[in-house]
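Asker: Here you go, one structure.
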Amino acid sequence: MESNLAERRNVSAKNLIGYLFCSPYLIFTLVLWLYPFLWGIVISFKKWNLISPRQSWVWLKNYLDVLKDPMLWVMVRNSIYFMVVFTTLTTITSLGLALLIKQVPKKYTGFFVTGFLLSYVSSGVAYSMVFNLLFAGDGLVNNLLKTIGLKVGWFTNPKIAMASIAMIVCWKFTGYYGLFFLAGLNNIDPTLYEAAVIDGANAWQRFKKITVPLLNPTFIMIIVFATITSFNLFTEPYMITNGGPMNATRTMMLEIYHRVFALLQAGYGSALAIVSAIITFGFVWTFRKLFERDDLYDV
Amino acid sequence: MMYRLKKYKMPLVYLVLIAGLFLSIFPYFWMVLSSFKVSGEIYTRLWPTKLTLSNYAFILKGGTGQERNFAGSIVNSLIISLIPTMSVVFFGMLTAYALRRIKIWGYQFYENLIVYQMLFPGVLFLIPLFLMMRDWGMINKFSGMIMRYLIDPWAIFIYVQFFKTIPESLLEAARIDGASEFKIITRIMLPLSKTTTAIVVLFTFMARWSEFLWPLIVNKDYGKMPLSVLLALFTKGEYQTYPGVQMAGATLLTLPIVILFLAFRKYFEEGISFTGLKG
């Protein structure tokens, strides 16, 4: 009995210290996470210009305005366009990179991995500025293309401006996702390939039946990331296109920034933020339902 | 291993890899090279006929005392990057230790909460957080730019993952020797989690140094602007026609994180397998 009591006292003393250690995090979560989250929802039901003390309840009006605005569908379309181009490009480049690095002897892999990761650490403002000049109308890329008689309005042609942005974001992330693919490849049991070779499978069949299904978690990760990025894209379009040409690169984040901090429509902006989060969740959920598999090894 | 290509194909592998590496590094190379060019040669020729330091001179002292104090903005960037980085590491360890090693009452609930916090899109918090900073009088102040980044659920999550792997016997031995829980963190956990800490430092510093939207919103005071914001505003404004100056600024913005990354790269590759994704 006595030792039991002592133990219990020990547990509550530990709990006390533990909660003391945790308290900054708990306060942070209440004040800077839960509270703003709830307040954001409240504001979305109000009409408010950020300044005046008058905040009148308009309930669902902001949401109806958001859904009725044709710009919403333009932005959703832009985001889907970005998602498709970015996911395709990045899957090709980073999976290709991982497959190639896997062939290289171990002592050189570090060199290539580090080299390809350099683009990942670049800052959004800096690389947007660099690509803006490189792909300008009379920039280096178009000067090269001129020799074969081409001129591309990378960021000025509304049809391809979003694809150009997807391309530069792909430049940034190729090495990063390549590293995840490489980790995925290293996790695949080599005996699977040996067995497949004995069964007479050629390289393409091995790739399709073993490599691709077993890399499923990495594919899902890229798709989820592309979805979240596509709706939150801000720095690149802000720096390079300002949402233009003809709204072709306008994203939810740019619109929220514009509505709230230029037009002072706090309620509308909050409703748009919530709609954008719901759409993002919807896409992520759908993609995971469609593509994710948890039976990796019982093929 | 079965999956290797035949030997005669290896030169092709290296060729493609080197070409890819060239594409991946070329924008950096071009940026640095252009920052030393005279403006007339940036668009017209790849190799400059002469090199100049005037772009850097322009950016570093051209506007001193006026509203474009770039040297000062580098200090500002350091302030709003280093303080959150240290704080995120400190509270990340402290919280993760309480959850995973002390296993406080309800720790499983908190660990799940942390995962939810990581998944919640930041766009939901932008407007209310801005309003809070305004009501607390933190607009145009460093505190407003720093406050929301002092604790990062992601860092707590990473430390929790790592603390799972440390044997309890190690901690028991220290407790028998009379070490307090806090001492265990600083004397045992901190030295053991070098790789984890390096990754948390690298990612947090990178994210804060490159941060753009938040300091753009909560600070309009040119004297307190971090380099990223000041550079962006002047690039879109009066420096539009000075590509050389732009590239000098972009180089200054890129250099610190590249150096940090190169210094930490061995931890990066070690740690990426268990830390998972950080957008």
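Chain labels follow the order of the structure tokens: the first chain is A, the next B, and so on; residue numbering restarts at 1 in every chain, and ligands are counted from 1 in their shown order.
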Going by DSSP on the backbone, which bits of range 158-194 of chain B are helix (DSSP H, G or I)? Write them as an MDAnalysis selection string, please.

Answerer: chainID B and resid 158:163 168:176 181:192 194

Asker: Residues of the last selection are to be written out with N, CA, C and O atoms, as a tab-separated table (two decimals), in the first residue's frame.

Answerer:
chain	number	residue	atom	x	y	z
B	158	ILE	N	8.81	16.09	-34.77
B	158	ILE	CA	10.09	15.49	-35.12
B	158	ILE	C	10.83	15.01	-33.87
B	158	ILE	O	11.37	13.91	-33.84
B	159	TYR	N	10.82	15.85	-32.83
B	159	TYR	CA	11.50	15.44	-31.59
B	159	TYR	C	10.80	14.26	-30.93
B	159	TYR	O	11.46	13.38	-30.39
B	160	VAL	N	9.47	14.24	-31.00
B	160	VAL	CA	8.75	13.08	-30.44
B	160	VAL	C	9.19	11.80	-31.16
B	160	VAL	O	9.50	10.80	-30.52
B	161	GLN	N	9.26	11.88	-32.49
B	161	GLN	CA	9.69	10.70	-33.26
B	161	GLN	C	11.08	10.25	-32.81
B	161	GLN	O	11.35	9.07	-32.66
B	162	PHE	N	11.95	11.24	-32.59
B	162	PHE	CA	13.32	10.86	-32.23
B	162	PHE	C	13.40	10.34	-30.79
B	162	PHE	O	14.09	9.35	-30.53
B	163	PHE	N	12.68	10.98	-29.88
B	163	PHE	CA	12.76	10.58	-28.47
B	163	PHE	C	12.23	9.17	-28.25
B	163	PHE	O	12.56	8.53	-27.25
B	168	GLU	N	14.93	3.98	-22.23
B	168	GLU	CA	14.54	4.54	-20.93
B	168	GLU	C	15.64	4.34	-19.88
B	168	GLU	O	15.83	5.17	-19.00
B	169	SER	N	16.39	3.23	-20.02
B	169	SER	CA	17.42	2.92	-19.01
B	169	SER	C	18.42	4.07	-18.85
B	169	SER	O	18.89	4.36	-17.75
B	170	LEU	N	18.69	4.74	-19.97
B	170	LEU	CA	19.63	5.86	-19.96
B	170	LEU	C	19.11	6.98	-19.05
B	170	LEU	O	19.87	7.56	-18.26
B	171	LEU	N	17.81	7.23	-19.14
B	171	LEU	CA	17.22	8.30	-18.36
B	171	LEU	C	17.11	7.88	-16.89
B	171	LEU	O	17.34	8.69	-15.98
B	172	GLU	N	16.77	6.59	-16.67
B	172	GLU	CA	16.66	6.10	-15.30
B	172	GLU	C	17.99	6.26	-14.56
B	172	GLU	O	18.02	6.70	-13.40
B	173	ALA	N	19.06	5.90	-15.24
B	173	ALA	CA	20.39	6.02	-14.63
B	173	ALA	C	20.66	7.45	-14.19
B	173	ALA	O	21.15	7.70	-13.08
B	174	ALA	N	20.30	8.40	-15.05
B	174	ALA	CA	20.52	9.81	-14.71
B	174	ALA	C	19.65	10.22	-13.53
B	174	ALA	O	20.08	10.97	-12.66
B	175	ARG	N	18.40	9.71	-13.52
B	175	ARG	CA	17.49	10.08	-12.42
B	175	ARG	C	18.01	9.56	-11.09
B	175	ARG	O	17.93	10.23	-10.07
B	176	ILE	N	18.56	8.32	-11.12
B	176	ILE	CA	19.11	7.75	-9.88
B	176	ILE	C	20.27	8.60	-9.39
B	176	ILE	O	20.45	8.82	-8.20
B	181	GLU	N	14.70	16.62	-14.30
B	181	GLU	CA	14.22	16.37	-15.67
B	181	GLU	C	14.81	17.38	-16.64
B	181	GLU	O	15.17	17.04	-17.77
B	182	PHE	N	14.91	18.63	-16.20
B	182	PHE	CA	15.44	19.65	-17.10
B	182	PHE	C	16.91	19.37	-17.43
B	182	PHE	O	17.36	19.54	-18.56
B	183	LYS	N	17.64	18.91	-16.44
B	183	LYS	CA	19.04	18.58	-16.65
B	183	LYS	C	19.18	17.41	-17.62
B	183	LYS	O	20.11	17.36	-18.42
B	184	ILE	N	18.24	16.46	-17.52
B	184	ILE	CA	18.28	15.33	-18.45
B	184	ILE	C	18.14	15.82	-19.89
B	184	ILE	O	18.83	15.36	-20.80
B	185	ILE	N	17.27	16.81	-20.07
B	185	ILE	CA	17.11	17.35	-21.43
B	185	ILE	C	18.40	17.98	-21.92
B	185	ILE	O	18.87	17.67	-23.02
B	186	THR	N	18.99	18.86	-21.08
B	186	THR	CA	20.17	19.58	-21.58
B	186	THR	C	21.42	18.71	-21.63
B	186	THR	O	22.26	18.89	-22.50
B	187	ARG	N	21.55	17.74	-20.68
B	187	ARG	CA	22.79	16.96	-20.62
B	187	ARG	C	22.73	15.67	-21.44
B	187	ARG	O	23.76	15.18	-21.89
B	188	ILE	N	21.53	15.09	-21.60
B	188	ILE	CA	21.44	13.81	-22.30
B	188	ILE	C	20.73	13.93	-23.65
B	188	ILE	O	21.25	13.55	-24.69
B	189	MET	N	19.52	14.50	-23.63
B	189	MET	CA	18.73	14.54	-24.86
B	189	MET	C	19.36	15.45	-25.91
B	189	MET	O	19.42	15.11	-27.08
B	190	LEU	N	19.80	16.63	-25.49
B	190	LEU	CA	20.36	17.59	-26.46
B	190	LEU	C	21.55	17.01	-27.21
B	190	LEU	O	21.57	17.03	-28.44
B	191	PRO	N	22.57	16.47	-26.51
B	191	PRO	CA	23.70	15.91	-27.26
B	191	PRO	C	23.31	14.72	-28.13
B	191	PRO	O	23.85	14.54	-29.22
B	192	LEU	N	22.32	13.93	-27.67
B	192	LEU	CA	21.93	12.76	-28.46
B	192	LEU	C	21.19	13.14	-29.74
B	192	LEU	O	21.24	12.43	-30.73
B	194	LYS	N	21.55	15.44	-31.99
B	194	LYS	CA	22.26	16.38	-32.85
B	194	LYS	C	21.68	16.44	-34.27
B	194	LYS	O	21.44	17.51	-34.82

Asker: Residues of chain B near chain A: apply a cut-off of 7 Å, count only C-alpha atoms, and supply the list as a VMD selection string.

Answerer: chain B and resid 2 to 5 13 21 24 to 25 27 31 43 94 to 95 98 102 104 to 105 121 123 to 125 127 to 129 148 151 210 228 232 250 253 to 254 257 to 258 273

Asker: What does the distance from CA of Ala207 in chain B to CA of Leu78 in chain B come to in Å, to one decimal?

Answerer: 12.1 Å

Asker: Tell me which protein, DNA and RNA residues are within 10 Å of Ser54 in chain B, counting only C-alpha atoms, leaving out same-chain ones fewer than 5 positions away, and put them as a short mmCIF file (atom, residue, chain, number, x, y, z; two decimals) with C-alpha atoms, in the first residue's frame.

Answerer:
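Result went into part_1.cif, see below:
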data_model
loop_
_atom_site.label_atom_id
_atom_site.label_comp_id
_atom_site.auth_asym_id
_atom_site.auth_seq_id
_atom_site.Cartn_x
_atom_site.Cartn_y
_atom_site.Cartn_z
CA SER B 35 25.22 40.44 -60.24
CA PHE B 36 28.77 41.31 -61.36
CA LYS B 37 27.79 42.48 -64.83
CA VAL B 38 27.07 45.95 -66.09
CA ILE B 59 22.54 48.02 -53.01
CA LEU B 60 24.64 48.22 -49.86
CA GLY B 62 23.21 53.50 -52.40
CA GLY B 244 22.08 43.94 -62.13
CA VAL B 245 21.01 45.40 -58.79
CA ALA B 248 22.94 41.38 -56.47
#

Asker: In terms of the shortest atom-to-atom distance over only C-alpha atoms, which of B:Gly106, B:Thr49, B:Leu131, B:Pro153 is closest to Leu264 in chain A?

Answerer: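 The closest residue to Leu264 in chain A is B:Leu131.
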
Asker: Calculated over only C-alpha atoms, which of the candidates A:Leu214, A:Leu254, A:Val76, A:Ile168 has the smallest distance to Phe155 in chain A?

Answerer: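 Ranking A:Leu214, A:Leu254, A:Val76, A:Ile168 by distance to Phe155 in chain A, first place goes to A:Ile168.
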
Asker: Residues at most 8 Å from Phe142 in chain B, counting only C-alpha atoms, excluding those fewer than 3 positions away in the same chain, as a list in words?

Answerer: Ile80, Met138, Met145, Ile146 and Lys224 of chain B

Asker: Could you turn the residues from that selection into a file that holds N, CA, C and O atoms, as a CSV table (one decimal), in the first residue's frame?

Answerer:
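The resulting file, again-v3.csv, is shown below:
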chain,number,residue,atom,x,y,z
B,80,ILE,N,14.6,38.1,-37.4
B,80,ILE,CA,13.3,37.4,-37.4
B,80,ILE,C,13.5,35.9,-37.8
B,80,ILE,O,12.6,35.2,-37.9
B,138,MET,N,1.2,45.2,-32.3
B,138,MET,CA,2.4,44.6,-32.8
B,138,MET,C,2.7,44.8,-34.3
B,138,MET,O,3.6,44.2,-34.8
B,145,MET,N,6.2,40.1,-36.3
B,145,MET,CA,6.7,39.2,-37.3
B,145,MET,C,7.2,37.9,-36.7
B,145,MET,O,7.2,36.9,-37.4
B,146,ILE,N,7.6,37.9,-35.4
B,146,ILE,CA,8.2,36.7,-34.8
B,146,ILE,C,7.1,35.9,-34.1
B,146,ILE,O,7.1,34.7,-34.2
B,224,LYS,N,12.4,48.2,-40.7
B,224,LYS,CA,12.3,46.9,-40.0
B,224,LYS,C,12.1,45.8,-41.0
B,224,LYS,O,12.0,44.6,-40.6

Asker: For a test of reading the model, state the distance in Å between CA of Val218 in chain B and CA of Ser81 in chain B, rounded to one decimal.

Answerer: 15.6 Å
